[in-house]
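**Q** Supplied in structure tokens, the structure appears directly below.
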Amino acid sequence: AEEAEMLADDMISQGKRLFSPYPLRSGRFSDNSQLVSNELYRSLNAKTNLGELVSLEFLPKRKILSHEEFSEFTPAKPVFFKSASDAATGWGFAVQPCRNQEDLNKARQWFAKYRESIPSILVEEWEEISTCWCAGIVVDENEAICIGGAEQIFSSPARQVGSLIDPTNAFPEAGKQLATLIGETSRRKGFRGIAGLDIGLKTNGKLVVFDPNFRFNSSSTQLLFHDSATSNSDFPVSYSFQATPHCEFKTLKNRLKGAIDQGRFVPTRLFNGENHPHANGTHVVTGFVLGEDQKMAVRTAESLCRNLAGR
């Protein structure tokens with residue numbers, strides 16, 4: 001960490017500015033030395049500020065409770081409880097679905113555990129959603145562009161396990177327009193970079209925005225490379241992939257080569273755990289697999305994962 005900050009200082013001295021997917025250590029670097037200030041990062045990622053980026057007609061009904069109010073609160077119907085902090089969280093870590101008393105008890109225990117880092121609790125009405133996407137946006141000095149949407153795959157409410165891009169259930173054009181509008185608002189506020197927005201299609205056909213993610217998202221690289229990857233193959237569907245194998249790295253490379261050569265796997269990150277003193281030989285493989293349809297893409301991911309897991 002010290003070496004990284006020294007390198008950053010050197011680049012700043014050359015007149016360059018720092019670009020980071022997360023807020024940098026508070027007070028360490030001046031706002032003038034950063035492409036996006038810490039204050040703006042935190043403001044844009046605060047779920048409670050979402051109403052400043054999009055019209056309330058696109059938001060679920062919501063309210064904010066103090067911890068004291070939350071301890072006495074019992075919802076009349078299903079809701080989601082979310083951290084009302086300005087931290088950039090993902091994968092549903094700071095979200096607790098509540099459909100019954102058991103869920104409510106679990107949520108109270110969770111928020112009590114993290115009370116020191118969560119100033120208050122956002123209560124969001126449970127919406128009936130047919131599909132939810134993470135919409136990717138890229139924002140530069142001149143414009144905001146929506147690069148499409150990756151469907152979010154959940155193991156249970158708010159617990160995402162992967163991302164899917166399937167042309168048979170593509171992100172709707174109205175969703176792209178909405179994401180672009182939000183991106184343009186963030187551009188005027190000073191944001192520059194890659195971001196994502198959780199946008200759902202309700203069963204009544206209306207769009208709803210859940211969470212702002214003004215940082216790299218798990219689906220960002222998949223969205224950026226999906227079109228070029230599928231244009232060079234007969235597989236139109238992509239499905240996110242991550243594994244942490246323990247075999248020798250040269251063995252890992254050999255096991256990946258076949259899937260890459262066949263056009264069924266696109267690696268976006270390969271971390272060699274043999275070269276890091278704290279990794280204990282654990283590698284990280286991130287990317288996405290391609291398939292003829294969703295079922296085949298998932299099967300390919302499962303097969304590749306089994307292949308990589310072998311010694």
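Labeling convention for the structure tokens: chains A, B, ... as they appear, residues from 1 per chain, ligands from 1 in order of appearance.
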So that I can see what lies close to Trp110 of chain A, please list as a PyMOL selection string the residues with an atom at most 10 Å from it, counting only C-alpha atoms and leaving out residues fewer than 4 positions away in the same chain.

**A** chain A and resi 94-96+104-106+114-115

**Q** Using the selection just defined, write its residues with C-alpha atoms as a PDB file, in the first residue's frame.

**A**
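To be explicit, this is the file written out as result21.pdb:
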ATOM      1  CA  ALA A  94     -26.011  -4.622   2.632  1.00  0.00           C
ATOM      2  CA  VAL A  95     -29.551  -5.712   1.675  1.00  0.00           C
ATOM      3  CA  GLN A  96     -31.907  -7.767   3.831  1.00  0.00           C
ATOM      4  CA  LEU A 104     -37.411  -9.374  10.266  1.00  0.00           C
ATOM      5  CA  ASN A 105     -35.560 -10.929  13.205  1.00  0.00           C
ATOM      6  CA  LYS A 106     -32.626 -11.799  10.959  1.00  0.00           C
ATOM      7  CA  TYR A 114     -22.992  -3.522  11.596  1.00  0.00           C
ATOM      8  CA  ARG A 115     -24.540  -0.581  13.429  1.00  0.00           C
TER       9      ARG A 115
END

**Q** Could the residues of segment 228-261 of chain A that have an atom at most 12 Å from segment 142-162 of chain A be listed as a tab-separated table, each with its closest atom pair and the distance in Å to one decimal, counting only C-alpha atoms and ordered by chain and ascending residue number?

**A**
residue	atom	partner	partner_atom	distance
A:Val237	CA	A:Ala150	CA	10.7
A:Ser238	CA	A:Ala150	CA	9.2
A:Tyr239	CA	A:Gly162	CA	7.2
A:Ser240	CA	A:Gly162	CA	5.6
A:Phe241	CA	A:Gly162	CA	7.5
A:Gln242	CA	A:Gly162	CA	9.2

**Q** With only C-alpha atoms as the basis for distance, which of A:Pro119, A:Pro23, A:Gln101, A:Gln34 is at the shortest distance from Met11 of chain A?

**A** A:Gln34

**Q** Env of Val289 of chain A: 12 Å cut, atoms = only C-alpha atoms, seq-sep filter 6 positions within chain, self excluded. Answer as a VMD selection string.

**A** chain A and resid 162 to 165 222 225 to 226 229 to 230 233 235 to 242 256 259 to 260 262 to 268 295 to 305

**Q** Extract, using only C-alpha atoms, all DNA, RNA and protein residues at most 12 Å from Asn204 of chain A, discarding same-chain residues fewer than 5 positions from it, and format them as an NGL selection string.

**A** :A and (127-131)

**Q** Would you mind exporting the chosen residues as a PDB file, in the first residue's frame, restricted to all heavy atoms?

**A**
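Result file is part-v5.pdb:
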ATOM      1  N   GLU A 127     -41.023  -4.857  -4.827  1.00  0.00           N
ATOM      2  CA  GLU A 127     -41.656  -4.783  -6.148  1.00  0.00           C
ATOM      3  C   GLU A 127     -41.646  -6.165  -6.805  1.00  0.00           C
ATOM      4  O   GLU A 127     -40.690  -6.927  -6.648  1.00  0.00           O
ATOM      5  CB  GLU A 127     -40.892  -3.804  -7.058  1.00  0.00           C
ATOM      6  CG  GLU A 127     -40.865  -2.371  -6.559  1.00  0.00           C
ATOM      7  CD  GLU A 127     -42.137  -1.610  -6.879  1.00  0.00           C
ATOM      8  OE1 GLU A 127     -43.111  -2.241  -7.350  1.00  0.00           O
ATOM      9  OE2 GLU A 127     -42.161  -0.386  -6.679  1.00  0.00           O
ATOM     10  N   GLU A 128     -42.694  -6.462  -7.530  1.00  0.00           N
ATOM     11  CA  GLU A 128     -42.747  -7.719  -8.286  1.00  0.00           C
ATOM     12  C   GLU A 128     -42.022  -7.505  -9.615  1.00  0.00           C
ATOM     13  O   GLU A 128     -42.477  -6.738 -10.462  1.00  0.00           O
ATOM     14  CB  GLU A 128     -44.191  -8.151  -8.519  1.00  0.00           C
ATOM     15  CG  GLU A 128     -44.923  -8.541  -7.238  1.00  0.00           C
ATOM     16  CD  GLU A 128     -44.248  -9.693  -6.510  1.00  0.00           C
ATOM     17  OE1 GLU A 128     -43.706 -10.599  -7.186  1.00  0.00           O
ATOM     18  OE2 GLU A 128     -44.246  -9.690  -5.263  1.00  0.00           O
ATOM     19  N   ILE A 129     -40.884  -8.173  -9.768  1.00  0.00           N
ATOM     20  CA  ILE A 129     -39.999  -7.959 -10.910  1.00  0.00           C
ATOM     21  C   ILE A 129     -39.924  -9.209 -11.779  1.00  0.00           C
ATOM     22  O   ILE A 129     -39.774 -10.328 -11.269  1.00  0.00           O
ATOM     23  CB  ILE A 129     -38.576  -7.602 -10.418  1.00  0.00           C
ATOM     24  CG1 ILE A 129     -38.604  -6.360  -9.535  1.00  0.00           C
ATOM     25  CG2 ILE A 129     -37.620  -7.404 -11.588  1.00  0.00           C
ATOM     26  CD1 ILE A 129     -39.050  -5.107 -10.229  1.00  0.00           C
ATOM     27  N   SER A 130     -40.037  -9.020 -13.082  1.00  0.00           N
ATOM     28  CA  SER A 130     -39.884 -10.157 -14.003  1.00  0.00           C
ATOM     29  C   SER A 130     -38.414 -10.377 -14.343  1.00  0.00           C
ATOM     30  O   SER A 130     -37.949 -11.517 -14.423  1.00  0.00           O
ATOM     31  CB  SER A 130     -40.695  -9.933 -15.277  1.00  0.00           C
ATOM     32  OG  SER A 130     -40.275  -8.743 -15.937  1.00  0.00           O
ATOM     33  N   THR A 131     -37.656  -9.291 -14.550  1.00  0.00           N
ATOM     34  CA  THR A 131     -36.224  -9.371 -14.844  1.00  0.00           C
ATOM     35  C   THR A 131     -35.540  -8.142 -14.277  1.00  0.00           C
ATOM     36  O   THR A 131     -36.101  -7.041 -14.286  1.00  0.00           O
ATOM     37  CB  THR A 131     -35.956  -9.414 -16.373  1.00  0.00           C
ATOM     38  OG1 THR A 131     -36.744 -10.430 -16.974  1.00  0.00           O
ATOM     39  CG2 THR A 131     -34.480  -9.698 -16.654  1.00  0.00           C
TER      40      THR A 131
END

**Q** Under the rule that only C-alpha atoms are counted, which of A:Ile199, A:Leu224, A:Leu178, A:Leu308 is the nearest residue to Leu252 of chain A?

**A** A:Leu308

**Q** Taking the DSSP assignment computed from this structure's backbone, write out as a PyMOL selection string all residues of segment 44-265 of chain A that belong to strand (DSSP E).

**A** chain A and resi 62-65+79-83+95-98+121-125+129-139+144-156+159-165+193-202+207-213+237-243+265

**Q** Between A:Ser13, A:Asn45, A:Asn307, A:Thr244, single out the one closest to Ala195 of chain A, counting only C-alpha atoms.

**A**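 Among the listed residues, A:Asn45 lies closest to Ala195 of chain A.
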
**Q** Which one of A:Asp198, A:Glu52, A:Glu57, A:Glu173 sits closest to Ala135 of chain A if you count only C-alpha atoms?

**A**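 Result for the nearest residue to Ala135 of chain A: A:Asp198.
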